[in-house]
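Peer 1: One structure, as structure tokens, below. Some questions next.
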Amino acid sequence: MKLDTKAMRHLAAEDWRVLTAVEIGSKNHEVIPTPLIESISKLRGGANRVHKSISALAKVGLIARLKEAKYDGYRLTYGGLDYLALHTYASRKEVYSVGNRIGVGKESDILVVADDRGEQKVLKIHRLGRISFRTVKSNRDYLRKRQGGSWMYLSRLAAEKEYAFMRALRDEGFPVPVPIAQSRHTVLMELVDAFPLRQISEVPDPAALYAELISMILRLAQHGLIHGDFNEFNILIKEERSKKQPSSEKGKDIETVEEEEKLTITPILIDFPQMVSMDHQNAEMYFDRDVNCVKRFFERRFHFVGTQPGPFFKDAKKTLGKNGAKRLDAAVEASGFSKKALKDLEAAIREQQDARGDQAGSGDEYDDESANEDEDEDGDSEEGNDSEEDNVDVEGEKDLKTDKPDISMK
Ligand code: ADP
Ligand code: MG
């Protein structure tokens with residue numbers, strides 16, 4: 001699923017109103033009856049004007065007519081929800097233009113966007129209803145269950161939860177991208193100038209990076225959290241060159257001391273919708289899985305094996321809240337997420353993971369350089385390489401393809 005912003009500039013104020021009306025109507029209706037759209041949008045031109053907007057919106061795929069509906073009605077599409085979120089960011093001056101897609105995650109699209117000063121940011125669009133067509137059977141059941149508006153509800157929840165955790169983690173000094181804003185099923189965040197660990201073939205000191213990642217897992221645990229998807233795709237490696245301080249450490253020879261530059265490697269953690277509490281009933285399994293992901297990856301990629309066993313869940317559990325660590329699991333759950341909502345989200349994420357056959361920390365079969373292709377599960381991106389640096393416009397359907405390099409939304 002790709003976001004094509006071309007139609008954005010052509011929408012009139014009335015069209016936005018009608019699109020918003022469809023969104024409001026979808027809170028209580030899976031298919032929003034046309035008369036309801038009319039009454040919510042209250043356009044001056046009356047029903048005729050509303051119908052004109054409905055046609056315009058349906059034509060560019062922002063709303064869809066449901067053929068099997070017993071009554072005449074429409075539903076919001078992912079595209080429609082994307083537009084509403086972008087419209088909100090644009091009105092708050094947080095996003096002015098949409099650039100290329102830098103990643104297709106497992107349950108998301110990741111776009112580079114910019115504000116009107118040209119500052120680049122990342123827009124993560126959650127797409128929790130999207131599944132692989134490669135594993136058709138299980139997905140068909142999945143699709144049936146997830147029909148209607150629940151994709152919207154679940155994707156929004158994923159974005160809200162992710163944003164809440166990013167803020168909490170950032171406040172506690174964890175290395176995560178700066179969260180900027182959140183709207184509907186999207187999160188706006190800092191663009192980290194880094195590649196996923198998955199794409200890094202060499203690091204100066206694997207043991208040091210390994211230790212840092214394990215200590216991040218332990219620090220999360222101290223704050224009551226398990227990432228739950230702590231793998232080489234969700235750890236970005238920032239490389240910074242700085243002037244090297246002359247070192248007097250023993251064991252360093254003259255040559256290294258004289259080197260001008262030092263390469264510092266900082267891991268940045270991303271991707272939080274699946275975070276779980278240390279009190280979760282399957283916490284130990286999630287904790288061990290995260291630890292083993294790191295171990296397995298370091299062994300395969302860097303031929304590094306830690307000398308110590310563990311860390312173990314039972315030891316991590318003892319550190320909960322120690323040294324004044326704030327319980328972030330409780331803090332976020334208390335910030336307005338209902339138990340039911342979190343359960344729904346968890347179930348959906350798990351189902352989706354099952355449907356795609358979990359690839360976290362999967363081994364050699366993913367060890368080629370086509371990570372992006374492997375991760376694109378909706379099978380609609382054969383026509384382009386999403387990671388191309390100079391691929392600036394957001395590709396749409398073939399017939400809507402635009403030749404504008406950068407798409408202003410105003
Ligand atoms: P998903 O939940 O679908 O796995 P992620 O949040 O893990 O999505 O993002 C998918 C990919 O997008 C990452 O592996 C990374 O390459 C890129 N990415 C995500 N967020 C950022 C960011 N803030 N800065 C730079 N790249 C990012
Ligand atoms: Mg990810």
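All residue names refer to the structure tokens as shown: chains lettered A, B, ... in order, residues numbered from 1 in each chain, ligands numbered from 1 in order.
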Residues of chain A within 10 Å of ligand 2: nearest atom pair and distance (Å, one decimal) for each, counting only C-alpha atoms and all ligand atoms, sorted by chain and number, as JSON lines?

Peer 2:
{"residue": "A:Gly103", "atom": "CA", "partner": "ligand 2", "partner_atom_place_in_ligand_line": "1 (Mg)", "distance": 9.4}
{"residue": "A:Val104", "atom": "CA", "partner": "ligand 2", "partner_atom_place_in_ligand_line": "1 (Mg)", "distance": 8.9}
{"residue": "A:Gly105", "atom": "CA", "partner": "ligand 2", "partner_atom_place_in_ligand_line": "1 (Mg)", "distance": 5.5}
{"residue": "A:Lys106", "atom": "CA", "partner": "ligand 2", "partner_atom_place_in_ligand_line": "1 (Mg)", "distance": 6.4}
{"residue": "A:Glu107", "atom": "CA", "partner": "ligand 2", "partner_atom_place_in_ligand_line": "1 (Mg)", "distance": 7.9}
{"residue": "A:Ser108", "atom": "CA", "partner": "ligand 2", "partner_atom_place_in_ligand_line": "1 (Mg)", "distance": 8.4}
{"residue": "A:Pro196", "atom": "CA", "partner": "ligand 2", "partner_atom_place_in_ligand_line": "1 (Mg)", "distance": 9.5}
{"residue": "A:Asp229", "atom": "CA", "partner": "ligand 2", "partner_atom_place_in_ligand_line": "1 (Mg)", "distance": 7.5}
{"residue": "A:Phe230", "atom": "CA", "partner": "ligand 2", "partner_atom_place_in_ligand_line": "1 (Mg)", "distance": 8.8}
{"residue": "A:Asn231", "atom": "CA", "partner": "ligand 2", "partner_atom_place_in_ligand_line": "1 (Mg)", "distance": 8.2}
{"residue": "A:Glu232", "atom": "CA", "partner": "ligand 2", "partner_atom_place_in_ligand_line": "1 (Mg)", "distance": 8.8}
{"residue": "A:Phe233", "atom": "CA", "partner": "ligand 2", "partner_atom_place_in_ligand_line": "1 (Mg)", "distance": 5.6}
{"residue": "A:Asn234", "atom": "CA", "partner": "ligand 2", "partner_atom_place_in_ligand_line": "1 (Mg)", "distance": 4.8}
{"residue": "A:Ile235", "atom": "CA", "partner": "ligand 2", "partner_atom_place_in_ligand_line": "1 (Mg)", "distance": 8.5}
{"residue": "A:Leu269", "atom": "CA", "partner": "ligand 2", "partner_atom_place_in_ligand_line": "1 (Mg)", "distance": 9.7}
{"residue": "A:Ile270", "atom": "CA", "partner": "ligand 2", "partner_atom_place_in_ligand_line": "1 (Mg)", "distance": 7.0}
{"residue": "A:Asp271", "atom": "CA", "partner": "ligand 2", "partner_atom_place_in_ligand_line": "1 (Mg)", "distance": 5.1}
{"residue": "A:Phe272", "atom": "CA", "partner": "ligand 2", "partner_atom_place_in_ligand_line": "1 (Mg)", "distance": 8.3}
{"residue": "A:Pro273", "atom": "CA", "partner": "ligand 2", "partner_atom_place_in_ligand_line": "1 (Mg)", "distance": 9.6}
{"residue": "A:Ala360", "atom": "CA", "partner": "ligand 2", "partner_atom_place_in_ligand_line": "1 (Mg)", "distance": 9.1}
{"residue": "A:Glu375", "atom": "CA", "partner": "ligand 2", "partner_atom_place_in_ligand_line": "1 (Mg)", "distance": 9.6}

Peer 1: For the residues selected in the previous step, produce a file with C-alpha atoms as a PDB file, in the first residue's frame.

Peer 2:
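Contents of out.pdb, freshly written:
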ATOM      1  CA  GLY A 103      11.099   1.490   4.381  1.00  0.00           C
ATOM      2  CA  VAL A 104       8.271  -0.897   4.279  1.00  0.00           C
ATOM      3  CA  GLY A 105       8.116  -2.343   7.705  1.00  0.00           C
ATOM      4  CA  LYS A 106       6.174  -5.381   8.643  1.00  0.00           C
ATOM      5  CA  GLU A 107       3.123  -3.440   9.646  1.00  0.00           C
ATOM      6  CA  SER A 108       3.902   0.018   8.393  1.00  0.00           C
ATOM      7  CA  PRO A 196      19.455  -0.769  10.574  1.00  0.00           C
ATOM      8  CA  ASP A 229      10.876  -7.241  18.763  1.00  0.00           C
ATOM      9  CA  PHE A 230      14.462  -6.432  19.640  1.00  0.00           C
ATOM     10  CA  ASN A 231      16.094  -7.495  16.410  1.00  0.00           C
ATOM     11  CA  GLU A 232      18.521  -6.263  13.764  1.00  0.00           C
ATOM     12  CA  PHE A 233      15.749  -4.486  11.856  1.00  0.00           C
ATOM     13  CA  ASN A 234      14.710  -2.401  14.843  1.00  0.00           C
ATOM     14  CA  ILE A 235      18.139  -1.233  15.942  1.00  0.00           C
ATOM     15  CA  LEU A 269      16.032   1.617  19.196  1.00  0.00           C
ATOM     16  CA  ILE A 270      12.824   1.899  17.155  1.00  0.00           C
ATOM     17  CA  ASP A 271       9.459   0.179  16.664  1.00  0.00           C
ATOM     18  CA  PHE A 272       7.403  -0.010  19.846  1.00  0.00           C
ATOM     19  CA  PRO A 273       3.778  -1.076  19.273  1.00  0.00           C
ATOM     20  CA  ALA A 360      12.546 -11.705  13.809  1.00  0.00           C
ATOM     21  CA  GLU A 375       9.631  -7.079   4.119  1.00  0.00           C
TER      22      GLU A 375
END

Peer 1: Could you check which of A:Ile24, A:Val332, A:Ile268, A:Ala85 is closest to ligand 1, using only C-alpha atoms and all ligand atoms?

Peer 2: A:Ile268

Peer 1: Mind checking DSSP for segment 155-203 of chain A and telling me the alpha helix (DSSP H) residues as a list in words?

Peer 2: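 The alpha helix (DSSP H) residues within segment 155-203 of chain A come out as Ser155, Arg156, Leu157, Ala158, Ala159, Glu160, Lys161, Glu162, Tyr163, Ala164, Phe165, Met166, Arg167, Ala168, Leu169, Arg170 and Asp171 of chain A.
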
Peer 1: Please determine, counting only C-alpha atoms, which residue among A:Thr186, A:Gln352, A:Ser53, A:Asn282 has the shortest atom-to-atom distance to Leu11 of chain A.

Peer 2: A:Ser53

Peer 1: Using only C-alpha atoms, determine which residues lie at most 12 Å from Gly336 of chain A, disregarding the query and same-chain residues fewer than 6 positions distant; provide the list as a PyMOL selection string.

Peer 2: chain A and resi 157+160-161+164+330+342

Peer 1: Those residues with N, CA and C atoms, as an mmCIF file, in the first residue's frame please?

Peer 2:
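Final output, saved to again.cif:
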data_model
loop_
_atom_site.group_PDB
_atom_site.id
_atom_site.type_symbol
_atom_site.label_atom_id
_atom_site.label_comp_id
_atom_site.auth_asym_id
_atom_site.auth_seq_id
_atom_site.Cartn_x
_atom_site.Cartn_y
_atom_site.Cartn_z
ATOM 1 N N LEU A 157 -4.485 2.539 17.355
ATOM 2 C CA LEU A 157 -3.972 2.105 18.662
ATOM 3 C C LEU A 157 -2.472 1.865 18.626
ATOM 4 N N GLU A 160 -0.780 5.187 18.620
ATOM 5 C CA GLU A 160 -0.890 5.859 19.924
ATOM 6 C C GLU A 160 0.031 5.224 20.952
ATOM 7 N N LYS A 161 0.042 3.902 20.936
ATOM 8 C CA LYS A 161 0.890 3.203 21.903
ATOM 9 C C LYS A 161 2.358 3.468 21.596
ATOM 10 N N ALA A 164 3.251 6.998 22.697
ATOM 11 C CA ALA A 164 3.299 7.118 24.164
ATOM 12 C C ALA A 164 4.597 6.513 24.712
ATOM 13 N N ALA A 330 3.658 0.855 33.658
ATOM 14 C CA ALA A 330 2.496 1.350 34.403
ATOM 15 C C ALA A 330 2.144 2.772 33.960
ATOM 16 N N LEU A 342 -5.496 -2.462 24.797
ATOM 17 C CA LEU A 342 -4.144 -3.041 24.737
ATOM 18 C C LEU A 342 -4.193 -4.526 24.399
#

Peer 1: Fewer than 6 positions away in the same chain doesn't count, so skip those; otherwise give me all residues within 9 Å of segment 302-314 of chain A, counting only C-alpha atoms, as a list in words.

Peer 2: Ser201, Glu202, Val203, Pro206, Ala207, Tyr210, Ala211, Ile214, Leu218, Ala221, Ala283, Glu284, Met285, Phe287, Asp288, Val291, Lys295 and Arg296 of chain A

Peer 1: Name the residues in contact with Ser41 of chain A at a cut-off of 8 Å, using only C-alpha atoms, excluding same-chain residues fewer than 5 positions from it; report them as an NGL selection string.

Peer 2: :A and (17-18 or 20-21 or 50)

Peer 1: Generate a file of the selected residues that holds N, CA, C and O atoms, formatted as a PDB file, in the first residue's frame.

Peer 2:
ATOM      1  N   ARG A  17     -14.175  18.350   4.260  1.00  0.00           N
ATOM      2  CA  ARG A  17     -15.264  18.254   5.233  1.00  0.00           C
ATOM      3  C   ARG A  17     -16.012  16.941   5.110  1.00  0.00           C
ATOM      4  O   ARG A  17     -16.346  16.300   6.106  1.00  0.00           O
ATOM      5  N   VAL A  18     -16.243  16.549   3.873  1.00  0.00           N
ATOM      6  CA  VAL A  18     -16.970  15.294   3.643  1.00  0.00           C
ATOM      7  C   VAL A  18     -16.098  14.101   4.071  1.00  0.00           C
ATOM      8  O   VAL A  18     -16.572  13.158   4.697  1.00  0.00           O
ATOM      9  N   THR A  20     -13.856  14.146   6.361  1.00  0.00           N
ATOM     10  CA  THR A  20     -13.895  14.133   7.830  1.00  0.00           C
ATOM     11  C   THR A  20     -15.213  13.555   8.333  1.00  0.00           C
ATOM     12  O   THR A  20     -15.239  12.821   9.324  1.00  0.00           O
ATOM     13  N   ALA A  21     -16.290  13.871   7.620  1.00  0.00           N
ATOM     14  CA  ALA A  21     -17.595  13.338   8.017  1.00  0.00           C
ATOM     15  C   ALA A  21     -17.606  11.813   7.923  1.00  0.00           C
ATOM     16  O   ALA A  21     -18.156  11.125   8.784  1.00  0.00           O
ATOM     17  N   VAL A  50     -22.562  17.619  -1.356  1.00  0.00           N
ATOM     18  CA  VAL A  50     -21.988  16.445  -0.686  1.00  0.00           C
ATOM     19  C   VAL A  50     -21.754  15.327  -1.695  1.00  0.00           C
ATOM     20  O   VAL A  50     -20.679  14.707  -1.714  1.00  0.00           O
TER      21      VAL A  50
END
